[in-house]
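Quick look at my_file_3.cif (mmCIF, C-alpha atoms; chains and numbers go by the auth columns):
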data_coords
#
loop_
_atom_site.group_PDB
_atom_site.id
_atom_site.type_symbol
_atom_site.label_atom_id
_atom_site.label_comp_id
_atom_site.label_asym_id
_atom_site.label_seq_id
_atom_site.Cartn_x
_atom_site.Cartn_y
_atom_site.Cartn_z
_atom_site.B_iso_or_equiv
_atom_site.auth_seq_id
_atom_site.auth_asym_id
ATOM 1 C CA MET A 1 348.646 313.528 128.913 0.00 20 A
ATOM 2 C CA GLU A 2 347.943 311.728 125.680 0.00 21 A
ATOM 3 C CA LEU A 3 344.330 311.239 124.628 0.00 22 A
ATOM 4 C CA HIS A 4 344.538 307.447 124.648 0.00 23 A
ATOM 5 C CA GLU A 5 345.303 307.557 128.398 0.00 24 A
ATOM 6 C CA ILE A 6 342.070 309.321 129.376 0.00 25 A
ATOM 7 C CA ARG A 7 339.623 306.723 130.649 0.00 26 A
ATOM 8 C CA ILE A 8 335.867 306.770 130.908 0.00 27 A
ATOM 9 C CA ASP A 9 334.785 306.691 134.539 0.00 28 A
ATOM 10 C CA ALA A 10 333.265 303.413 135.740 0.00 29 A
ATOM 11 C CA TYR A 11 329.511 303.420 136.264 0.00 30 A
ATOM 12 C CA GLU A 12 326.691 301.082 137.233 0.00 31 A
ATOM 13 C CA PRO A 13 324.410 300.263 134.297 0.00 32 A
ATOM 14 C CA GLN A 14 320.772 301.184 134.872 0.00 33 A
ATOM 15 C CA LEU A 15 317.838 299.025 133.855 0.00 34 A
ATOM 16 C CA ALA A 16 315.034 300.768 132.027 0.00 35 A
ATOM 17 C CA ALA A 17 312.119 301.260 134.383 0.00 36 A
ATOM 18 C CA LEU A 18 308.690 299.771 133.789 0.00 37 A
ATOM 19 C CA ALA A 19 305.502 301.203 135.213 0.00 38 A
ATOM 20 C CA HIS A 20 305.363 297.944 137.176 0.00 39 A
ATOM 21 C CA ASP A 21 308.479 298.961 139.104 0.00 40 A
ATOM 22 C CA SER A 22 306.567 301.813 140.771 0.00 41 A
ATOM 23 C CA HIS A 23 304.641 301.536 144.002 0.00 42 A
ATOM 24 C CA ARG A 24 301.192 302.252 142.601 0.00 43 A
ATOM 25 C CA PRO A 25 298.300 301.242 144.838 0.00 44 A
ATOM 26 C CA ALA A 26 296.409 298.054 143.987 0.00 45 A
ATOM 27 C CA GLU A 27 293.321 300.080 142.994 0.00 46 A
ATOM 28 C CA VAL A 28 295.285 301.925 140.300 0.00 47 A
ATOM 29 C CA TRP A 29 296.502 298.652 138.766 0.00 48 A
ATOM 30 C CA GLU A 30 293.019 297.175 138.955 0.00 49 A
ATOM 31 C CA HIS A 31 291.581 300.191 137.112 0.00 50 A
ATOM 32 C CA GLU A 32 294.314 300.226 134.440 0.00 51 A
ATOM 33 C CA CYS A 33 293.995 296.497 133.747 0.00 52 A
ATOM 34 C CA ALA A 34 290.221 296.824 133.507 0.00 53 A
ATOM 35 C CA GLU A 35 290.592 299.745 131.079 0.00 54 A
ATOM 36 C CA ILE A 36 293.367 298.572 128.732 0.00 55 A
ATOM 37 C CA GLY A 37 294.158 295.046 129.905 0.00 56 A
ATOM 38 C CA GLY A 38 297.516 293.835 131.110 0.00 57 A
ATOM 39 C CA PHE A 39 299.351 292.342 134.067 0.00 58 A
ATOM 40 C CA ASP A 40 298.363 293.346 137.600 0.00 59 A
ATOM 41 C CA PRO A 41 301.485 293.006 139.775 0.00 60 A
ATOM 42 C CA HIS A 42 299.425 292.840 142.978 0.00 61 A
ATOM 43 C CA THR A 43 297.161 289.961 141.956 0.00 62 A
ATOM 44 C CA ARG A 44 299.511 288.502 139.278 0.00 63 A
ATOM 45 C CA LYS A 45 296.432 288.271 137.079 0.00 64 A
ATOM 46 C CA LEU A 46 296.498 288.839 133.315 0.00 65 A
ATOM 47 C CA THR A 47 293.655 290.627 131.579 0.00 66 A
ATOM 48 C CA LYS A 48 293.716 290.291 127.802 0.00 67 A
ATOM 49 C CA MET A 49 294.753 293.491 126.053 0.00 68 A
ATOM 50 C CA SER A 50 292.876 295.219 123.261 0.00 69 A
ATOM 51 C CA CYS A 51 295.084 297.343 121.011 0.00 70 A
ATOM 52 C CA SER A 52 292.668 299.646 119.243 0.00 71 A
ATOM 53 C CA ASP A 53 295.198 302.461 118.863 0.00 72 A
ATOM 54 C CA GLU A 54 298.825 303.188 119.578 0.00 73 A
ATOM 55 C CA THR A 55 298.109 305.519 122.506 0.00 74 A
ATOM 56 C CA PHE A 56 298.876 302.839 125.078 0.00 75 A
ATOM 57 C CA LEU A 57 301.701 301.048 123.250 0.00 76 A
ATOM 58 C CA SER A 58 304.322 301.785 125.921 0.00 77 A
ATOM 59 C CA GLU A 59 301.929 300.640 128.634 0.00 78 A
ATOM 60 C CA HIS A 60 301.110 297.473 126.697 0.00 79 A
ATOM 61 C CA ILE A 61 304.792 296.650 126.226 0.00 80 A
ATOM 62 C CA ASP A 62 305.350 297.270 129.953 0.00 81 A
ATOM 63 C CA HIS A 63 302.494 294.880 130.771 0.00 82 A
ATOM 64 C CA VAL A 64 303.854 292.207 128.421 0.00 83 A
ATOM 65 C CA THR A 65 307.365 292.627 129.839 0.00 84 A
ATOM 66 C CA ALA A 66 306.193 292.498 133.462 0.00 85 A
ATOM 67 C CA ALA A 67 304.150 289.355 132.777 0.00 86 A
ATOM 68 C CA VAL A 68 307.074 287.632 131.033 0.00 87 A
ATOM 69 C CA GLU A 69 309.476 288.634 133.829 0.00 88 A
ATOM 70 C CA ALA A 70 307.006 287.330 136.439 0.00 89 A
ATOM 71 C CA GLY A 71 306.889 283.946 134.700 0.00 90 A
ATOM 72 C CA VAL A 72 303.112 283.870 134.186 0.00 91 A
ATOM 73 C CA VAL A 73 303.068 283.649 130.379 0.00 92 A
ATOM 74 C CA ARG A 74 302.665 280.281 128.676 0.00 93 A
ATOM 75 C CA LYS A 75 305.280 279.778 125.949 0.00 94 A
ATOM 76 C CA HIS A 76 303.058 278.300 123.239 0.00 95 A
ATOM 77 C CA ALA A 77 299.892 280.256 124.021 0.00 96 A
ATOM 78 C CA PHE A 78 301.219 283.742 124.708 0.00 97 A
ATOM 79 C CA MET A 79 299.154 285.441 122.009 0.00 98 A
ATOM 80 C CA GLU A 80 295.877 284.018 123.313 0.00 99 A
ATOM 81 C CA GLN A 81 296.884 284.715 126.894 0.00 100 A
ATOM 82 C CA LEU A 82 297.996 288.325 126.422 0.00 101 A
ATOM 83 C CA PHE A 83 295.721 289.656 123.668 0.00 102 A
ATOM 84 C CA ALA A 84 291.940 289.768 123.275 0.00 103 A
ATOM 85 C CA SER A 85 292.147 288.585 119.651 0.00 104 A
ATOM 86 C CA ARG A 86 294.540 287.815 116.808 0.00 105 A
ATOM 87 C CA GLN A 87 293.661 291.242 115.400 0.00 106 A
ATOM 88 C CA ASP A 88 294.751 292.914 118.665 0.00 107 A
ATOM 89 C CA PHE A 89 298.054 291.023 118.529 0.00 108 A
ATOM 90 C CA ASP A 90 298.585 292.015 114.876 0.00 109 A
ATOM 91 C CA GLU A 91 297.774 295.662 115.668 0.00 110 A
ATOM 92 C CA PHE A 92 300.181 295.578 118.620 0.00 111 A
ATOM 93 C CA LEU A 93 302.908 294.406 116.224 0.00 112 A
ATOM 94 C CA GLU A 94 302.004 297.074 113.645 0.00 113 A
ATOM 95 C CA TYR A 95 302.260 299.787 116.297 0.00 114 A
ATOM 96 C CA LEU A 96 305.563 298.297 117.400 0.00 115 A
ATOM 97 C CA VAL A 97 306.894 298.502 113.822 0.00 116 A
ATOM 98 C CA ALA A 98 306.054 302.210 113.809 0.00 117 A
ATOM 99 C CA TYR A 99 307.462 302.823 117.309 0.00 118 A
ATOM 100 C CA PRO A 100 309.521 306.021 117.181 0.00 119 A
ATOM 101 C CA GLY A 101 313.031 305.135 118.169 0.00 120 A
ATOM 102 C CA ARG A 102 314.560 302.091 119.730 0.00 121 A
ATOM 103 C CA ILE A 103 312.789 299.806 122.155 0.00 122 A
ATOM 104 C CA HIS A 104 314.862 299.421 125.301 0.00 123 A
ATOM 105 C CA ASP A 105 316.659 296.219 126.210 0.00 124 A
ATOM 106 C CA ARG A 106 314.190 295.107 128.858 0.00 125 A
ATOM 107 C CA TRP A 107 311.290 295.248 126.356 0.00 126 A
ATOM 108 C CA HIS A 108 313.455 293.613 123.674 0.00 127 A
ATOM 109 C CA TYR A 109 314.443 290.747 125.955 0.00 128 A
ATOM 110 C CA ALA A 110 310.824 290.026 126.959 0.00 129 A
ATOM 111 C CA LEU A 111 309.598 290.106 123.353 0.00 130 A
ATOM 112 C CA ALA A 112 312.509 287.921 122.206 0.00 131 A
ATOM 113 C CA THR A 113 311.650 285.473 124.985 0.00 132 A
ATOM 114 C CA LEU A 114 308.057 285.317 123.710 0.00 133 A
ATOM 115 C CA ALA A 115 309.410 284.669 120.220 0.00 134 A
ATOM 116 C CA GLY A 116 311.528 281.823 121.578 0.00 135 A
ATOM 117 C CA CYS A 117 314.804 283.466 120.555 0.00 136 A
ATOM 118 C CA ALA A 118 317.920 284.608 122.359 0.00 137 A
ATOM 119 C CA ALA A 119 317.660 288.360 122.896 0.00 138 A
ATOM 120 C CA GLY A 120 321.196 288.916 121.591 0.00 139 A
ATOM 121 C CA SER A 121 320.632 286.927 118.416 0.00 140 A
ATOM 122 C CA ASP A 122 321.774 288.588 115.211 0.00 141 A
ATOM 123 C CA ALA A 123 318.437 287.465 113.763 0.00 142 A
ATOM 124 C CA LEU A 124 316.724 289.999 116.048 0.00 143 A
ATOM 125 C CA ALA A 125 318.876 293.032 115.336 0.00 144 A
ATOM 126 C CA THR A 126 315.943 295.183 114.194 0.00 145 A
ATOM 127 C CA ASN A 127 312.384 295.683 115.422 0.00 146 A
ATOM 128 C CA GLY A 128 311.187 294.235 112.106 0.00 147 A
ATOM 129 C CA GLN A 129 313.100 290.994 112.660 0.00 148 A
ATOM 130 C CA LEU A 130 311.791 290.740 116.219 0.00 149 A
ATOM 131 C CA ILE A 131 308.228 291.287 115.007 0.00 150 A
ATOM 132 C CA ASP A 132 308.631 288.623 112.308 0.00 151 A
ATOM 133 C CA ALA A 133 309.870 286.193 114.963 0.00 152 A
ATOM 134 C CA LEU A 134 306.862 287.014 117.183 0.00 153 A
ATOM 135 C CA ARG A 135 304.466 286.420 114.272 0.00 154 A
ATOM 136 C CA ASP A 136 306.134 283.083 113.554 0.00 155 A
ATOM 137 C CA ALA A 137 305.995 282.038 117.206 0.00 156 A
ATOM 138 C CA ALA A 138 302.311 282.979 117.503 0.00 157 A
ATOM 139 C CA GLY A 139 301.503 280.993 114.364 0.00 158 A
ATOM 140 C CA ARG A 140 302.804 277.719 115.800 0.00 159 A
#
Can you give me the file's structure in the form of structure tokens?
Amino acid sequence: MELHEIRIDAYEPQLAALAHDSHRPAEVWEHECAEIGGFDPHTRKLTKMSCSDETFLSEHIDHVTAAVEAGVVRKHAFMEQLFASRQDFDEFLEYLVAYPGRIHDRWHYALATLAGCAAGSDALATNGQLIDALRDAAGR
């Protein structure tokens, strides 16, 4: 058989999982949101996030993504709604710039939505471009 005839088997694409997809008890979410801020999927309440170090970056991006997917974030006030201060938002973006590797599509789509851009836009091909778009959107 010639090589061009060998096909890749069909498969179902898998969405990247968020912590919010798990079945954690309400008390665990309440504790986490009190500790680092974020979106509680049981109460649908947002607690503003403080980003004092990059330790919780993945968790923070999960919280942002879950809140955007749940439709609880206000388009023109997302920074004030999600972050304790402008400095926390700026630090979140700085940690995102330094994120080792590629952010997955689910995170990218949520962040692009916050920035008011189409996730597949060529203008958002890199993390740096996405972060610039988020800064611009927050400065409106």
Residue members of the PyMOL selection byres ((chain A and resi 92-105) around 10) in the file shown, as a PyMOL selection string:
chain A and resi 56-58+65-70+79+82-91+106-111+132-135+153-154+156-159
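In this structure, CA of Glu113 in chain A sits 14.6 Å away from CA of Asp155 in chain A.
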Using CA of Gln148 in chain A and CA of Leu76 in chain A as the two end points, give the distance in Å to one decimal.
18.5 Å
Where does the PyMOL selection byres ((chain A and resi 116) around 10) land in this file, that is, which residues does it pick, as a PyMOL selection string?
chain A and resi 110-115+117-119+145-150
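The gap separating CA of Ser41 in chain A from CA of Glu54 in chain A is 18.8 Å, in Å to one decimal.
You can rank A:Arg26, A:His39, A:Arg121, A:His127 by their closest distance to Glu51 in chain A using only C-alpha atoms, and at the top of that list sits A:His39.
Those residues returned by the PyMOL selection byres ((chain A and resi 123) around 12) for this file are Gln33, Leu34, Ala35, Ala36, Leu37, Ser77, Ile80, Asp81, Thr84, Tyr118, Pro119, Gly120, Arg121, Ile122, Asp124, Arg125, Trp126, His127, Tyr128, Ala129, Leu130, Ala138, Thr145 and Asn146 of chain A.
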Those residues with C-alpha atoms, as a PDB file, keeping the file's coordinate frame please?
ATOM      1  CA  GLN A  33     320.772 301.184 134.872  1.00  0.00           C
ATOM      2  CA  LEU A  34     317.838 299.025 133.855  1.00  0.00           C
ATOM      3  CA  ALA A  35     315.034 300.768 132.027  1.00  0.00           C
ATOM      4  CA  ALA A  36     312.119 301.260 134.383  1.00  0.00           C
ATOM      5  CA  LEU A  37     308.690 299.771 133.789  1.00  0.00           C
ATOM      6  CA  SER A  77     304.322 301.785 125.921  1.00  0.00           C
ATOM      7  CA  ILE A  80     304.792 296.650 126.226  1.00  0.00           C
ATOM      8  CA  ASP A  81     305.350 297.270 129.953  1.00  0.00           C
ATOM      9  CA  THR A  84     307.365 292.627 129.839  1.00  0.00           C
ATOM     10  CA  TYR A 118     307.462 302.823 117.309  1.00  0.00           C
ATOM     11  CA  PRO A 119     309.521 306.021 117.181  1.00  0.00           C
ATOM     12  CA  GLY A 120     313.031 305.135 118.169  1.00  0.00           C
ATOM     13  CA  ARG A 121     314.560 302.091 119.730  1.00  0.00           C
ATOM     14  CA  ILE A 122     312.789 299.806 122.155  1.00  0.00           C
ATOM     15  CA  ASP A 124     316.659 296.219 126.210  1.00  0.00           C
ATOM     16  CA  ARG A 125     314.190 295.107 128.858  1.00  0.00           C
ATOM     17  CA  TRP A 126     311.290 295.248 126.356  1.00  0.00           C
ATOM     18  CA  HIS A 127     313.455 293.613 123.674  1.00  0.00           C
ATOM     19  CA  TYR A 128     314.443 290.747 125.955  1.00  0.00           C
ATOM     20  CA  ALA A 129     310.824 290.026 126.959  1.00  0.00           C
ATOM     21  CA  LEU A 130     309.598 290.106 123.353  1.00  0.00           C
ATOM     22  CA  ALA A 138     317.660 288.360 122.896  1.00  0.00           C
ATOM     23  CA  THR A 145     315.943 295.183 114.194  1.00  0.00           C
ATOM     24  CA  ASN A 146     312.384 295.683 115.422  1.00  0.00           C
TER      25      ASN A 146
END
Axis-aligned box for all listed atoms of range 124-140 of chain A, 5 Å per side, centre and edges in Å to one decimal, as JSON:
{"center_x": 314.6, "center_y": 289.0, "center_z": 123.6, "size_x": 23.1, "size_y": 24.4, "size_z": 20.4}
Taking N, CA and C atoms as the atom set, what does range 49-85 of chain A look like once completed, written as a compact mmCIF listing (two decimals), keeping the file's coordinate frame?
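Here's the written file out_21.txt:
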# COMPACT_ATOMS: atom_id res chain seq x y z
N GLU A 49 294.30 297.80 139.28
CA GLU A 49 293.02 297.18 138.96
C GLU A 49 292.27 297.99 137.91
N HIS A 50 292.26 299.31 138.07
CA HIS A 50 291.58 300.19 137.11
C HIS A 50 292.26 300.14 135.74
N GLU A 51 293.59 300.24 135.71
CA GLU A 51 294.31 300.23 134.44
C GLU A 51 294.09 298.91 133.69
N CYS A 52 294.17 297.80 134.40
CA CYS A 52 294.00 296.50 133.75
C CYS A 52 292.55 296.31 133.26
N ALA A 53 291.61 296.89 133.96
CA ALA A 53 290.22 296.82 133.51
C ALA A 53 290.03 297.68 132.26
N GLU A 54 290.74 298.81 132.19
CA GLU A 54 290.59 299.74 131.08
C GLU A 54 291.31 299.29 129.81
N ILE A 55 292.59 298.90 129.94
CA ILE A 55 293.37 298.57 128.73
C ILE A 55 293.87 297.14 128.72
N GLY A 56 293.63 296.40 129.80
CA GLY A 56 294.16 295.05 129.90
C GLY A 56 295.58 295.08 130.42
N GLY A 57 296.13 293.90 130.69
CA GLY A 57 297.52 293.83 131.11
C GLY A 57 297.73 292.98 132.33
N PHE A 58 298.91 293.13 132.93
CA PHE A 58 299.35 292.34 134.07
C PHE A 58 299.26 293.17 135.33
N ASP A 59 298.50 292.68 136.31
CA ASP A 59 298.36 293.35 137.60
C ASP A 59 299.42 292.76 138.54
N PRO A 60 300.41 293.54 138.94
CA PRO A 60 301.48 293.01 139.78
C PRO A 60 301.03 292.63 141.19
N HIS A 61 299.90 293.17 141.64
CA HIS A 61 299.42 292.84 142.98
C HIS A 61 298.73 291.48 143.00
N THR A 62 297.91 291.22 142.00
CA THR A 62 297.16 289.96 141.96
C THR A 62 297.85 288.91 141.08
N ARG A 63 298.81 289.35 140.26
CA ARG A 63 299.51 288.50 139.28
C ARG A 63 298.53 287.94 138.25
N LYS A 64 297.46 288.67 138.04
CA LYS A 64 296.43 288.27 137.08
C LYS A 64 296.65 289.00 135.76
N LEU A 65 296.43 288.26 134.66
CA LEU A 65 296.50 288.84 133.32
C LEU A 65 295.09 289.11 132.81
N THR A 66 294.89 290.29 132.28
CA THR A 66 293.65 290.63 131.58
C THR A 66 294.05 290.85 130.13
N LYS A 67 293.35 290.19 129.22
CA LYS A 67 293.72 290.29 127.80
C LYS A 67 293.65 291.74 127.33
N MET A 68 294.64 292.12 126.53
CA MET A 68 294.75 293.49 126.05
C MET A 68 294.10 293.66 124.69
N SER A 69 293.41 294.79 124.56
CA SER A 69 292.88 295.22 123.26
C SER A 69 293.74 296.37 122.79
N CYS A 70 294.17 296.32 121.55
CA CYS A 70 295.08 297.34 121.01
C CYS A 70 294.40 298.10 119.89
N SER A 71 293.44 298.94 120.26
CA SER A 71 292.67 299.65 119.24
C SER A 71 293.40 300.86 118.67
N ASP A 72 294.38 301.38 119.40
CA ASP A 72 295.20 302.46 118.86
C ASP A 72 296.55 302.42 119.55
N GLU A 73 297.46 303.24 119.06
CA GLU A 73 298.82 303.19 119.58
C GLU A 73 299.04 304.03 120.83
N THR A 74 297.99 304.65 121.34
CA THR A 74 298.11 305.52 122.51
C THR A 74 298.75 304.82 123.69
N PHE A 75 298.39 303.56 123.90
CA PHE A 75 298.88 302.84 125.08
C PHE A 75 299.98 301.85 124.76
N LEU A 76 300.69 302.02 123.64
CA LEU A 76 301.70 301.05 123.25
C LEU A 76 302.76 300.85 124.33
N SER A 77 303.29 301.92 124.87
CA SER A 77 304.32 301.79 125.92
C SER A 77 303.78 301.03 127.12
N GLU A 78 302.54 301.34 127.51
CA GLU A 78 301.93 300.64 128.63
C GLU A 78 301.74 299.16 128.31
N HIS A 79 301.29 298.87 127.08
CA HIS A 79 301.11 297.47 126.70
C HIS A 79 302.44 296.72 126.72
N ILE A 80 303.49 297.33 126.21
CA ILE A 80 304.79 296.65 126.23
C ILE A 80 305.26 296.45 127.67
N ASP A 81 305.02 297.43 128.53
CA ASP A 81 305.35 297.27 129.95
C ASP A 81 304.59 296.09 130.55
N HIS A 82 303.30 295.98 130.24
CA HIS A 82 302.49 294.88 130.77
C HIS A 82 303.01 293.53 130.27
N VAL A 83 303.32 293.45 128.98
CA VAL A 83 303.85 292.21 128.42
C VAL A 83 305.17 291.87 129.12
N THR A 84 306.05 292.84 129.23
CA THR A 84 307.36 292.63 129.84
C THR A 84 307.23 292.18 131.29
N ALA A 85 306.38 292.86 132.05
CA ALA A 85 306.19 292.50 133.46
C ALA A 85 305.64 291.08 133.60
